[in-house]
file work00.pdb (PDB, C-alpha atoms)
ATOM      1  CA  MET A 105     216.706  43.017  44.951  1.00  0.00           C
ATOM      2  CA  ALA A 106     215.800  44.020  48.494  1.00  0.00           C
ATOM      3  CA  ARG A 107     217.688  42.312  51.302  1.00  0.00           C
ATOM      4  CA  LEU A 108     217.028  41.365  54.881  1.00  0.00           C
ATOM      5  CA  ILE A 109     220.373  41.901  56.593  1.00  0.00           C
ATOM      6  CA  HIS A 110     220.589  40.073  59.912  1.00  0.00           C
ATOM      7  CA  LEU A 111     223.257  41.740  62.019  1.00  0.00           C
ATOM      8  CA  ASN A 112     223.970  39.216  64.774  1.00  0.00           C
ATOM      9  CA  GLY A 113     226.300  39.336  67.775  1.00  0.00           C
ATOM     10  CA  LEU A 114     226.421  39.481  71.546  1.00  0.00           C
ATOM     11  CA  PRO A 115     224.735  42.344  73.398  1.00  0.00           C
ATOM     12  CA  GLY A 116     227.016  45.377  73.478  1.00  0.00           C
ATOM     13  CA  ILE A 117     229.060  44.366  70.417  1.00  0.00           C
ATOM     14  CA  GLY A 118     227.854  47.305  68.291  1.00  0.00           C
ATOM     15  CA  LYS A 119     224.869  45.938  66.365  1.00  0.00           C
ATOM     16  CA  SER A 120     222.565  48.891  67.024  1.00  0.00           C
ATOM     17  CA  THR A 121     225.271  51.460  66.361  1.00  0.00           C
ATOM     18  CA  LEU A 122     226.284  49.885  63.060  1.00  0.00           C
ATOM     19  CA  SER A 123     222.729  49.249  61.877  1.00  0.00           C
ATOM     20  CA  ALA A 124     221.836  52.909  62.525  1.00  0.00           C
ATOM     21  CA  LEU A 125     224.953  54.007  60.650  1.00  0.00           C
ATOM     22  CA  TYR A 126     224.143  51.649  57.767  1.00  0.00           C
ATOM     23  CA  ALA A 127     220.579  52.971  57.490  1.00  0.00           C
ATOM     24  CA  ASP A 128     221.822  56.577  57.607  1.00  0.00           C
ATOM     25  CA  ARG A 129     224.233  55.899  54.752  1.00  0.00           C
ATOM     26  CA  ASN A 130     221.764  53.851  52.697  1.00  0.00           C
ATOM     27  CA  PRO A 131     218.610  55.920  52.247  1.00  0.00           C
ATOM     28  CA  GLY A 132     215.385  53.931  52.298  1.00  0.00           C
ATOM     29  CA  THR A 133     216.841  51.168  54.479  1.00  0.00           C
ATOM     30  CA  LEU A 134     214.737  50.276  57.517  1.00  0.00           C
ATOM     31  CA  ASN A 135     216.776  49.976  60.705  1.00  0.00           C
ATOM     32  CA  LEU A 136     214.522  47.416  62.391  1.00  0.00           C
ATOM     33  CA  ASP A 137     216.099  47.630  65.842  1.00  0.00           C
ATOM     34  CA  VAL A 138     214.137  45.126  67.922  1.00  0.00           C
ATOM     35  CA  ASP A 139     215.317  46.684  71.188  1.00  0.00           C
ATOM     36  CA  ALA A 140     213.981  50.095  70.158  1.00  0.00           C
ATOM     37  CA  LEU A 141     210.708  48.546  69.041  1.00  0.00           C
ATOM     38  CA  HIS A 142     210.447  46.535  72.231  1.00  0.00           C
ATOM     39  CA  ARG A 143     210.469  49.715  74.318  1.00  0.00           C
ATOM     40  CA  LEU A 144     207.286  50.830  72.533  1.00  0.00           C
ATOM     41  CA  VAL A 145     205.282  47.895  73.919  1.00  0.00           C
ATOM     42  CA  GLY A 146     203.854  48.445  77.384  1.00  0.00           C
ATOM     43  CA  GLY A 147     204.990  46.003  80.043  1.00  0.00           C
ATOM     44  CA  TRP A 148     208.516  45.404  78.739  1.00  0.00           C
ATOM     45  CA  GLN A 149     210.008  46.276  82.139  1.00  0.00           C
ATOM     46  CA  ASP A 150     207.819  43.744  83.944  1.00  0.00           C
ATOM     47  CA  GLU A 151     209.605  40.414  84.239  1.00  0.00           C
ATOM     48  CA  GLU A 152     206.232  38.639  84.492  1.00  0.00           C
ATOM     49  CA  THR A 153     204.952  40.020  81.184  1.00  0.00           C
ATOM     50  CA  ASP A 154     206.171  38.307  78.032  1.00  0.00           C
ATOM     51  CA  THR A 155     206.123  41.018  75.387  1.00  0.00           C
ATOM     52  CA  TRP A 156     208.353  39.152  72.914  1.00  0.00           C
ATOM     53  CA  PRO A 157     205.489  37.547  70.915  1.00  0.00           C
ATOM     54  CA  VAL A 158     203.935  40.974  70.311  1.00  0.00           C
ATOM     55  CA  VAL A 159     207.275  42.482  69.359  1.00  0.00           C
ATOM     56  CA  TRP A 160     208.117  39.682  66.905  1.00  0.00           C
ATOM     57  CA  SER A 161     204.708  40.025  65.237  1.00  0.00           C
ATOM     58  CA  LEU A 162     205.538  43.691  64.673  1.00  0.00           C
ATOM     59  CA  VAL A 163     209.041  42.842  63.419  1.00  0.00           C
ATOM     60  CA  ARG A 164     207.667  40.372  60.864  1.00  0.00           C
ATOM     61  CA  ALA A 165     204.966  42.811  59.680  1.00  0.00           C
ATOM     62  CA  MET A 166     207.374  45.730  59.347  1.00  0.00           C
ATOM     63  CA  ALA A 167     209.979  43.621  57.533  1.00  0.00           C
ATOM     64  CA  LYS A 168     207.328  42.249  55.161  1.00  0.00           C
ATOM     65  CA  THR A 169     206.028  45.702  54.263  1.00  0.00           C
ATOM     66  CA  HIS A 170     209.474  47.148  53.693  1.00  0.00           C
ATOM     67  CA  LEU A 171     210.882  44.183  51.746  1.00  0.00           C
ATOM     68  CA  GLU A 172     207.811  43.953  49.517  1.00  0.00           C
ATOM     69  CA  GLY A 173     208.323  47.645  48.792  1.00  0.00           C
ATOM     70  CA  GLY A 174     211.737  46.740  47.386  1.00  0.00           C
ATOM     71  CA  ARG A 175     213.772  48.249  50.203  1.00  0.00           C
ATOM     72  CA  ASP A 176     216.436  46.765  52.463  1.00  0.00           C
ATOM     73  CA  VAL A 177     215.871  45.949  56.119  1.00  0.00           C
ATOM     74  CA  VAL A 178     218.732  45.686  58.596  1.00  0.00           C
ATOM     75  CA  LEU A 179     217.839  43.723  61.727  1.00  0.00           C
ATOM     76  CA  PRO A 180     220.343  44.047  64.602  1.00  0.00           C
ATOM     77  CA  GLN A 181     219.448  41.155  66.888  1.00  0.00           C
ATOM     78  CA  TYR A 182     221.277  38.385  68.734  1.00  0.00           C
ATOM     79  CA  HIS A 183     220.142  34.928  67.632  1.00  0.00           C
ATOM     80  CA  ALA A 184     222.027  31.813  68.669  1.00  0.00           C
ATOM     81  CA  LYS A 185     219.713  29.084  67.453  1.00  0.00           C
ATOM     82  CA  VAL A 186     219.988  27.964  63.866  1.00  0.00           C
ATOM     83  CA  ASP A 187     216.213  27.601  63.528  1.00  0.00           C
ATOM     84  CA  GLU A 188     215.752  31.279  64.502  1.00  0.00           C
ATOM     85  CA  VAL A 189     218.142  32.374  61.773  1.00  0.00           C
ATOM     86  CA  ILE A 190     216.450  30.058  59.277  1.00  0.00           C
ATOM     87  CA  GLU A 191     213.110  31.708  60.119  1.00  0.00           C
ATOM     88  CA  LEU A 192     214.595  35.106  59.273  1.00  0.00           C
ATOM     89  CA  GLU A 193     215.927  33.723  56.008  1.00  0.00           C
ATOM     90  CA  LYS A 194     212.488  32.297  55.183  1.00  0.00           C
ATOM     91  CA  LEU A 195     210.894  35.649  55.986  1.00  0.00           C
ATOM     92  CA  ALA A 196     213.185  37.339  53.472  1.00  0.00           C
ATOM     93  CA  HIS A 197     212.547  34.786  50.750  1.00  0.00           C
ATOM     94  CA  GLN A 198     208.762  34.767  51.315  1.00  0.00           C
ATOM     95  CA  HIS A 199     208.744  38.450  50.462  1.00  0.00           C
ATOM     96  CA  GLY A 200     211.002  38.287  47.419  1.00  0.00           C
ATOM     97  CA  ALA A 201     214.156  39.444  49.160  1.00  0.00           C
ATOM     98  CA  GLY A 202     217.665  38.146  49.577  1.00  0.00           C
ATOM     99  CA  PHE A 203     219.129  37.308  52.974  1.00  0.00           C
ATOM    100  CA  ARG A 204     222.497  38.340  54.367  1.00  0.00           C
ATOM    101  CA  GLU A 205     223.776  37.004  57.633  1.00  0.00           C
ATOM    102  CA  VAL A 206     226.539  38.962  59.370  1.00  0.00           C
ATOM    103  CA  VAL A 207     227.976  38.274  62.817  1.00  0.00           C
ATOM    104  CA  LEU A 208     229.893  41.005  64.629  1.00  0.00           C
ATOM    105  CA  LEU A 209     232.560  39.302  66.669  1.00  0.00           C
ATOM    106  CA  ASP A 210     235.164  40.115  69.282  1.00  0.00           C
ATOM    107  CA  ASP A 211     236.903  37.514  71.439  1.00  0.00           C
ATOM    108  CA  ARG A 212     234.840  36.114  74.328  1.00  0.00           C
ATOM    109  CA  GLU A 213     236.453  38.077  77.162  1.00  0.00           C
ATOM    110  CA  ALA A 214     236.387  41.364  75.263  1.00  0.00           C
ATOM    111  CA  ALA A 215     232.743  40.842  74.292  1.00  0.00           C
ATOM    112  CA  ILE A 216     231.762  40.243  77.924  1.00  0.00           C
ATOM    113  CA  ALA A 217     233.711  43.313  79.041  1.00  0.00           C
ATOM    114  CA  ARG A 218     231.939  45.392  76.388  1.00  0.00           C
ATOM    115  CA  PHE A 219     228.544  44.283  77.700  1.00  0.00           C
ATOM    116  CA  ASP A 220     229.532  45.292  81.241  1.00  0.00           C
ATOM    117  CA  ARG A 221     230.989  48.626  80.130  1.00  0.00           C
ATOM    118  CA  ARG A 222     227.866  49.475  78.135  1.00  0.00           C
ATOM    119  CA  ALA A 223     225.672  48.958  81.210  1.00  0.00           C
ATOM    120  CA  GLN A 224     227.977  50.994  83.436  1.00  0.00           C
ATOM    121  CA  GLU A 225     228.165  53.906  81.001  1.00  0.00           C
ATOM    122  CA  SER A 226     224.483  54.065  80.074  1.00  0.00           C
ATOM    123  CA  ASP A 227     221.422  55.493  81.731  1.00  0.00           C
ATOM    124  CA  ASP A 228     219.186  53.932  79.033  1.00  0.00           C
ATOM    125  CA  PRO A 229     216.396  52.005  80.807  1.00  0.00           C
ATOM    126  CA  TRP A 230     216.423  49.180  78.222  1.00  0.00           C
ATOM    127  CA  ILE A 231     220.171  48.618  78.584  1.00  0.00           C
ATOM    128  CA  ARG A 232     219.879  48.674  82.381  1.00  0.00           C
ATOM    129  CA  HIS A 233     216.938  46.249  82.255  1.00  0.00           C
ATOM    130  CA  HIS A 234     218.749  43.882  79.914  1.00  0.00           C
ATOM    131  CA  HIS A 235     221.903  43.964  82.038  1.00  0.00           C
ATOM    132  CA  ARG A 236     219.893  43.210  85.180  1.00  0.00           C
ATOM    133  CA  LEU A 237     218.230  40.212  83.508  1.00  0.00           C
ATOM    134  CA  ILE A 238     221.598  38.840  82.400  1.00  0.00           C
ATOM    135  CA  GLU A 239     222.982  39.316  85.914  1.00  0.00           C
ATOM    136  CA  LEU A 240     219.982  37.525  87.439  1.00  0.00           C
ATOM    137  CA  GLY A 241     220.484  34.662  84.994  1.00  0.00           C
ATOM    138  CA  GLY A 242     224.157  34.132  85.821  1.00  0.00           C
ATOM    139  CA  GLY A 243     226.067  37.127  84.469  1.00  0.00           C
ATOM    140  CA  HIS A 244     229.337  36.279  82.784  1.00  0.00           C
ATOM    141  CA  VAL A 245     228.472  32.567  82.657  1.00  0.00           C
ATOM    142  CA  VAL A 246     225.353  33.427  80.644  1.00  0.00           C
ATOM    143  CA  LEU A 247     227.305  35.705  78.318  1.00  0.00           C
ATOM    144  CA  ALA A 248     230.013  33.059  77.780  1.00  0.00           C
ATOM    145  CA  THR A 249     227.301  30.532  76.902  1.00  0.00           C
ATOM    146  CA  MET A 250     225.685  33.046  74.548  1.00  0.00           C
ATOM    147  CA  TYR A 251     229.067  33.501  72.860  1.00  0.00           C
ATOM    148  CA  ASP A 252     229.582  29.741  72.485  1.00  0.00           C
ATOM    149  CA  ASN A 253     226.068  29.302  71.102  1.00  0.00           C
ATOM    150  CA  LEU A 254     226.663  32.069  68.577  1.00  0.00           C
ATOM    151  CA  MET A 255     229.904  30.423  67.458  1.00  0.00           C
ATOM    152  CA  GLU A 256     227.972  27.183  66.936  1.00  0.00           C
ATOM    153  CA  VAL A 257     225.528  29.018  64.651  1.00  0.00           C
ATOM    154  CA  VAL A 258     228.485  30.384  62.674  1.00  0.00           C
ATOM    155  CA  ARG A 259     229.901  26.857  62.413  1.00  0.00           C
ATOM    156  CA  GLN A 260     226.577  25.414  61.215  1.00  0.00           C
ATOM    157  CA  ARG A 261     225.860  28.215  58.728  1.00  0.00           C
ATOM    158  CA  PRO A 262     228.892  28.478  56.446  1.00  0.00           C
ATOM    159  CA  GLY A 263     227.367  31.394  54.505  1.00  0.00           C
ATOM    160  CA  THR A 264     227.577  33.610  57.563  1.00  0.00           C
ATOM    161  CA  VAL A 265     229.982  36.519  57.196  1.00  0.00           C
ATOM    162  CA  VAL A 266     231.986  37.273  60.338  1.00  0.00           C
ATOM    163  CA  VAL A 267     233.037  40.899  60.779  1.00  0.00           C
ATOM    164  CA  PRO A 268     235.584  41.680  63.500  1.00  0.00           C
ATOM    165  CA  SER A 269     234.310  44.349  65.889  1.00  0.00           C
ATOM    166  CA  ALA A 270     236.900  46.005  68.110  1.00  0.00           C
ATOM    167  CA  VAL A 271     236.217  48.449  70.930  1.00  0.00           C
ATOM    168  CA  GLY A 272     236.155  52.027  69.674  1.00  0.00           C
ATOM    169  CA  ALA A 273     236.619  51.025  66.020  1.00  0.00           C
ATOM    170  CA  VAL A 274     233.165  52.000  64.787  1.00  0.00           C
ATOM    171  CA  GLN A 275     234.254  53.421  61.428  1.00  0.00           C
ATOM    172  CA  GLU A 276     236.666  50.564  60.711  1.00  0.00           C
ATOM    173  CA  THR A 277     234.009  47.982  61.618  1.00  0.00           C
ATOM    174  CA  TYR A 278     231.433  49.802  59.514  1.00  0.00           C
ATOM    175  CA  GLU A 279     233.759  49.704  56.495  1.00  0.00           C
ATOM    176  CA  LEU A 280     234.234  45.941  56.939  1.00  0.00           C
ATOM    177  CA  LEU A 281     230.462  45.530  57.198  1.00  0.00           C
ATOM    178  CA  ALA A 282     229.827  47.656  54.100  1.00  0.00           C
ATOM    179  CA  ASP A 283     232.432  45.643  52.154  1.00  0.00           C
ATOM    180  CA  ALA A 284     230.802  42.373  53.225  1.00  0.00           C
ATOM    181  CA  LEU A 285     227.389  43.625  52.124  1.00  0.00           C
ATOM    182  CA  ARG A 286     228.686  44.571  48.655  1.00  0.00           C
ATOM    183  CA  GLU A 287     229.085  40.880  47.871  1.00  0.00           C
ATOM    184  CA  PRO A 288     226.259  39.495  45.709  1.00  0.00           C
ATOM    185  CA  VAL A 289     223.312  38.003  47.552  1.00  0.00           C
ATOM    186  CA  SER A 290     221.647  34.770  46.530  1.00  0.00           C
ATOM    187  CA  PRO A 291     217.910  35.096  45.874  1.00  0.00           C
ATOM    188  CA  GLY A 292     217.130  31.930  47.814  1.00  0.00           C
ATOM    189  CA  PRO A 293     214.713  29.185  46.855  1.00  0.00           C
ATOM    190  CA  SER A 294     212.206  29.960  44.154  1.00  0.00           C
TER     191      SER A 294
END

call {"tool": "encode", "arguments": {"input": "work00.pdb", "output": "structure tokens"}}
result
Amino acid sequence: MARLIHLNGLPGIGKSTLSALYADRNPGTLNLDVDALHRLVGGWQDEETDTWPVVWSLVRAMAKTHLEGGRDVVLPQYHAKVDEVIELEKLAHQHGAGFREVVLLDDREAAIARFDRRAQESDDPWIRHHHRLIELGGGHVVLATMYDNLMEVVRQRPGTVVVPSAVGAVQETYELLADALREPVSPGPS
């Protein structure tokens, strides 16, 4: 059975890196990196232009096509509202797929430091843009709130698998992720 694998976690925690690695090691898997897709839609750098509705329409269409073809989709994207995660789960089940929910987690202070370090070490326009928006919104206060909101989702969704993600431990984290994904997946409501 195909699966929609939601790889959740704070920005900079390693979601994109691990989803790319997972897709590379699991041929046929779609690495549906929303950030990469977002950069393909004109206007994403303009704070006045809301490109998210267009991007999410594309995400849903791509996931549908891939899942209905019997292939896995890994979606690295921060979501900290239970209803957003439930919508992803519904999307999987509507297209005959299972749903796996994995949160990459470091402690709050380390996660915030990772976000800052990623912005300082990158010349990627999307990362710079995202960092600037977080800074404009309140910086570390925003990130701490994002962390707390994510922990609330984990608390409310007991089926969520939490995978520890330490700085520089890409291979070790990947192995924990791969082990978690070997567990059987429930098909969801019929």

call {"tool": "resolve_selection", "arguments": {"input": "work00.pdb", "expression": "the PyMOL selection byres ((chain A and resi 126-142) around 8)", "output": "ChimeraX atom specification"}}
result
/A:120,122-125,143-145,148,155-156,159,163,166-167,170,175-181,230,278,282

call {"tool": "resolve_selection", "arguments": {"input": "work00.pdb", "expression": "the PyMOL selection byres ((chain A and resi 266-277) around 6)", "output": "NGL selection string"}}
result
:A and (206-210 or 265 or 278-280)

call {"tool": "atom_distance", "arguments": {"input": "work00.pdb", "atom1": "atom CA of A:Arg107", "atom2": "atom CA of A:Ala184"}}
result
20.8 Å

call {"tool": "residues_around", "arguments": {"input": "work00.pdb", "residues": "A:Gly116", "least_positions_apart": "6", "cutoff": "9 Å", "atoms": "only C-alpha atoms", "output": "JSON, numbers by chain"}}
result
{"A": [215, 216, 217, 218, 219, 220, 221, 222, 223]}

call {"tool": "closest_atom_pairs", "arguments": {"input": "work00.pdb", "of": "stretch 209-288 of chain A", "to": "stretch 188-202 of chain A", "cutoff": "12 Å", "atoms": "only C-alpha atoms", "output": "JSON lines"}}
result
{"residue": "A:Leu254", "atom": "CA", "partner": "A:Val189", "partner_atom": "CA", "distance": 10.9}
{"residue": "A:Val257", "atom": "CA", "partner": "A:Val189", "partner_atom": "CA", "distance": 8.6}
{"residue": "A:Val258", "atom": "CA", "partner": "A:Val189", "partner_atom": "CA", "distance": 10.6}
{"residue": "A:Gln260", "atom": "CA", "partner": "A:Val189", "partner_atom": "CA", "distance": 10.9}
{"residue": "A:Arg261", "atom": "CA", "partner": "A:Val189", "partner_atom": "CA", "distance": 9.3}
{"residue": "A:Gly263", "atom": "CA", "partner": "A:Glu193", "partner_atom": "CA", "distance": 11.8}
{"residue": "A:Thr264", "atom": "CA", "partner": "A:Val189", "partner_atom": "CA", "distance": 10.4}
{"residue": "A:Leu285", "atom": "CA", "partner": "A:Gly202", "partner_atom": "CA", "distance": 11.4}
{"residue": "A:Glu287", "atom": "CA", "partner": "A:Gly202", "partner_atom": "CA", "distance": 11.9}
{"residue": "A:Pro288", "atom": "CA", "partner": "A:Gly202", "partner_atom": "CA", "distance": 9.5}

call {"tool": "atom_distance", "arguments": {"input": "work00.pdb", "atom1": "atom CA of A:Arg236", "atom2": "atom CA of A:Val186"}}
result
26.2 Å

call {"tool": "atom_distance", "arguments": {"input": "work00.pdb", "atom1": "atom CA of A:Leu171", "atom2": "atom CA of A:His110"}}
result
13.3 Å

call {"tool": "resolve_selection", "arguments": {"input": "work00.pdb", "expression": "the PyMOL selection byres ((chain A and resi 114) around 7)", "output": "PyMOL selection string"}}
result
chain A and resi 113+115-117+182+251

call {"tool": "closest_residue", "arguments": {"input": "work00.pdb", "among": "A:Pro262, A:Lys119, A:Ala106, A:Gln149", "to": "A:Thr169", "atoms": "all atoms listed in the file"}}
result
A:Ala106

call {"tool": "closest_residue", "arguments": {"input": "work00.pdb", "among": "A:Met105, A:Leu111, A:Ala248, A:Met255", "to": "A:Ala214", "atoms": "all atoms listed in the file"}}
result
A:Ala248

call {"tool": "closest_residue", "arguments": {"input": "work00.pdb", "among": "A:Arg204, A:Gly174, A:Val158, A:Gly147", "to": "A:Leu281", "atoms": "only C-alpha atoms"}}
result
A:Arg204

call {"tool": "closest_residue", "arguments": {"input": "work00.pdb", "among": "A:Gly173, A:Lys185, A:Gln224, A:Asp150", "to": "A:Arg259", "atoms": "only C-alpha atoms"}}
result
A:Lys185
